[in-house]
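These notes concern the structure reproduced below.
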Amino acid sequence: MSWTVLWDTLQTQFTDFGTGGLELLLLNAVMALLLSCIVFLAYRLTYTGTAFSKKFMVSLGMMTLVTTIIMNVIANNVALSLGMVGALSIIRFRTAVKDVRDATYIFWCIGLGICCGVSMYAQALFGSLVILVFLLVAGQVRDEGKYLLIVRSERDAQGRAEATVKKYFENAAHLRVQNASAQSGDLIYEISVRAVRTALKKHSTSITELLMKTEGVESADLVQQTDDISR
């Protein structure tokens, strides 16, 4: 008896879903799965580095399908949609977002799920292709970053070290930190990658070699700094 009731309930729900019934549900899910492949492709082509995660790629596809299922449920029921919003508002996600672009991929998948849940496949496909093209073009724009020049010297030699750096980079090096103790001192400069390359072409030796030849300089380190962990 219970199986008969369950079967009748399922048939009623599929019928009440709207035009297409079960076929429309399956079509929405299949389209969500296919469109999530575009997200996979964009993530794989434009995202490299230490923050790249295959598990996150799988999570993006799951997010698209879950959002599609939720939209299938609440699309034609205003009261249920309000209740769903209230239920979802109490969820707290504790996983830290490693890169700001991760959040944009999440919103992208949510948008695809919403479109597929209400059977707006053309909008989802067109929007995804536009985003993919944008990411491919924007991915060619690279932030060259900057260098940090760290100089440790005797306290009396700081002036000579500053003069050497100033002459080598022709005022292109910006002094960010200057520390001094009774015996020694530290100088930290911020220098653009372009300034380092230009100075290296102009001079026969690197700045570190030149500083080490300066009397009183104990060490000189040139470190490239990037703000994006995904580089």
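Ordered as shown in the structure tokens, chains take letters A, B, and onward, while each chain numbers its residues from 1 and ligands are numbered from 1 in the order shown.
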Could you name the residues that touch segment 180-184 of chain A at 8 Å or less, counting only C-alpha atoms, but leaving out those on the same chain fewer than 5 positions away, as a PyMOL selection string?
chain A and resi 152-156
Selected residues written out, C-alpha atoms, as a PDB file, in the first residue's frame:
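Now in again_20.pdb:
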```
ATOM      1  CA  ARG A 152      71.911  44.852   5.867  1.00  0.00           C
ATOM      2  CA  SER A 153      74.986  46.899   6.658  1.00  0.00           C
ATOM      3  CA  GLU A 154      76.995  48.446   9.426  1.00  0.00           C
ATOM      4  CA  ARG A 155      75.310  51.502  10.835  1.00  0.00           C
ATOM      5  CA  ASP A 156      77.962  53.844   9.496  1.00  0.00           C
TER       6      ASP A 156
END
```
Looking at A:Ser119, A:Leu35, A:Asn179, A:Leu149, which one is nearest to Glu23 of chain A, with distances taken over only C-alpha atoms?
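Under the stated criterion, the closest residue is A:Ser119.
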Between A:Ala220, A:Met31, A:Leu24, A:Ile69, smallest distance to Gln123 of chain A by only C-alpha atoms belongs to A:Met31
Residues near Leu26 of chain A, cut-off 12 Å, only C-alpha atoms, skip fewer than 2 positions along chain, as a PDB file with N, CA and C atoms, in the first residue's frame:
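Contents of the output file part-v9.pdb:
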```
ATOM      1  N   PHE A  14       5.477  15.063 -10.417  1.00  0.00           N
ATOM      2  CA  PHE A  14       6.042  15.273 -11.737  1.00  0.00           C
ATOM      3  C   PHE A  14       5.039  15.956 -12.659  1.00  0.00           C
ATOM      4  N   GLY A  20       6.037  19.331 -19.365  1.00  0.00           N
ATOM      5  CA  GLY A  20       7.235  18.536 -19.538  1.00  0.00           C
ATOM      6  C   GLY A  20       7.458  17.546 -18.427  1.00  0.00           C
ATOM      7  N   GLY A  21       7.028  17.893 -17.192  1.00  0.00           N
ATOM      8  CA  GLY A  21       7.138  16.977 -16.070  1.00  0.00           C
ATOM      9  C   GLY A  21       8.552  16.470 -15.863  1.00  0.00           C
ATOM     10  N   LEU A  22       8.712  15.147 -15.796  1.00  0.00           N
ATOM     11  CA  LEU A  22       9.995  14.515 -15.528  1.00  0.00           C
ATOM     12  C   LEU A  22      11.013  14.848 -16.611  1.00  0.00           C
ATOM     13  N   GLU A  23      10.545  14.928 -17.864  1.00  0.00           N
ATOM     14  CA  GLU A  23      11.471  15.241 -18.953  1.00  0.00           C
ATOM     15  C   GLU A  23      12.123  16.612 -18.759  1.00  0.00           C
ATOM     16  N   LEU A  24      11.347  17.573 -18.253  1.00  0.00           N
ATOM     17  CA  LEU A  24      11.886  18.913 -18.033  1.00  0.00           C
ATOM     18  C   LEU A  24      12.890  18.919 -16.883  1.00  0.00           C
ATOM     19  N   ASN A  28      16.745  20.022 -17.401  1.00  0.00           N
ATOM     20  CA  ASN A  28      17.382  21.062 -16.585  1.00  0.00           C
ATOM     21  C   ASN A  28      18.689  20.561 -15.970  1.00  0.00           C
ATOM     22  N   ALA A  29      18.656  19.334 -15.461  1.00  0.00           N
ATOM     23  CA  ALA A  29      19.853  18.768 -14.840  1.00  0.00           C
ATOM     24  C   ALA A  29      20.956  18.531 -15.866  1.00  0.00           C
ATOM     25  N   VAL A  30      20.585  18.009 -17.038  1.00  0.00           N
ATOM     26  CA  VAL A  30      21.575  17.748 -18.077  1.00  0.00           C
ATOM     27  C   VAL A  30      22.197  19.054 -18.572  1.00  0.00           C
ATOM     28  N   MET A  31      21.380  20.082 -18.769  1.00  0.00           N
ATOM     29  CA  MET A  31      21.906  21.366 -19.224  1.00  0.00           C
ATOM     30  C   MET A  31      22.817  21.991 -18.170  1.00  0.00           C
ATOM     31  N   ALA A  32      22.454  21.827 -16.901  1.00  0.00           N
ATOM     32  CA  ALA A  32      23.316  22.338 -15.833  1.00  0.00           C
ATOM     33  C   ALA A  32      24.664  21.632 -15.845  1.00  0.00           C
ATOM     34  N   LEU A  33      24.629  20.326 -16.081  1.00  0.00           N
ATOM     35  CA  LEU A  33      25.874  19.562 -16.138  1.00  0.00           C
ATOM     36  C   LEU A  33      26.735  19.983 -17.323  1.00  0.00           C
ATOM     37  N   LEU A  65      24.504  21.989 -10.042  1.00  0.00           N
ATOM     38  CA  LEU A  65      23.405  21.019  -9.991  1.00  0.00           C
ATOM     39  C   LEU A  65      22.506  21.243  -8.774  1.00  0.00           C
ATOM     40  N   THR A  68      20.331  24.196  -9.360  1.00  0.00           N
ATOM     41  CA  THR A  68      19.275  23.832 -10.314  1.00  0.00           C
ATOM     42  C   THR A  68      18.148  23.083  -9.623  1.00  0.00           C
ATOM     43  N   ILE A  69      18.488  22.142  -8.767  1.00  0.00           N
ATOM     44  CA  ILE A  69      17.467  21.381  -8.040  1.00  0.00           C
ATOM     45  C   ILE A  69      16.632  22.301  -7.157  1.00  0.00           C
ATOM     46  N   ASN A  72      14.286  24.248  -9.258  1.00  0.00           N
ATOM     47  CA  ASN A  72      13.171  23.406  -9.711  1.00  0.00           C
ATOM     48  C   ASN A  72      12.084  23.331  -8.648  1.00  0.00           C
ATOM     49  N   CYS A 116      19.287  27.405 -15.302  1.00  0.00           N
ATOM     50  CA  CYS A 116      18.856  26.061 -15.699  1.00  0.00           C
ATOM     51  C   CYS A 116      17.615  25.630 -14.925  1.00  0.00           C
ATOM     52  N   GLY A 117      17.495  26.075 -13.677  1.00  0.00           N
ATOM     53  CA  GLY A 117      16.328  25.703 -12.880  1.00  0.00           C
ATOM     54  C   GLY A 117      15.035  26.265 -13.408  1.00  0.00           C
ATOM     55  N   SER A 119      14.790  26.916 -16.737  1.00  0.00           N
ATOM     56  CA  SER A 119      14.833  26.539 -18.154  1.00  0.00           C
ATOM     57  C   SER A 119      15.230  27.682 -19.079  1.00  0.00           C
TER      58      SER A 119
END
```
What separation in Å, quoted to one decimal, exists between atom CA of Leu34 of chain A and atom CA of Ala138 of chain A?
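These atoms are spaced 23.9 Å apart.
Atom CA of Gly61 of chain A is found 15.1 Å from atom CA of Leu125 of chain A.
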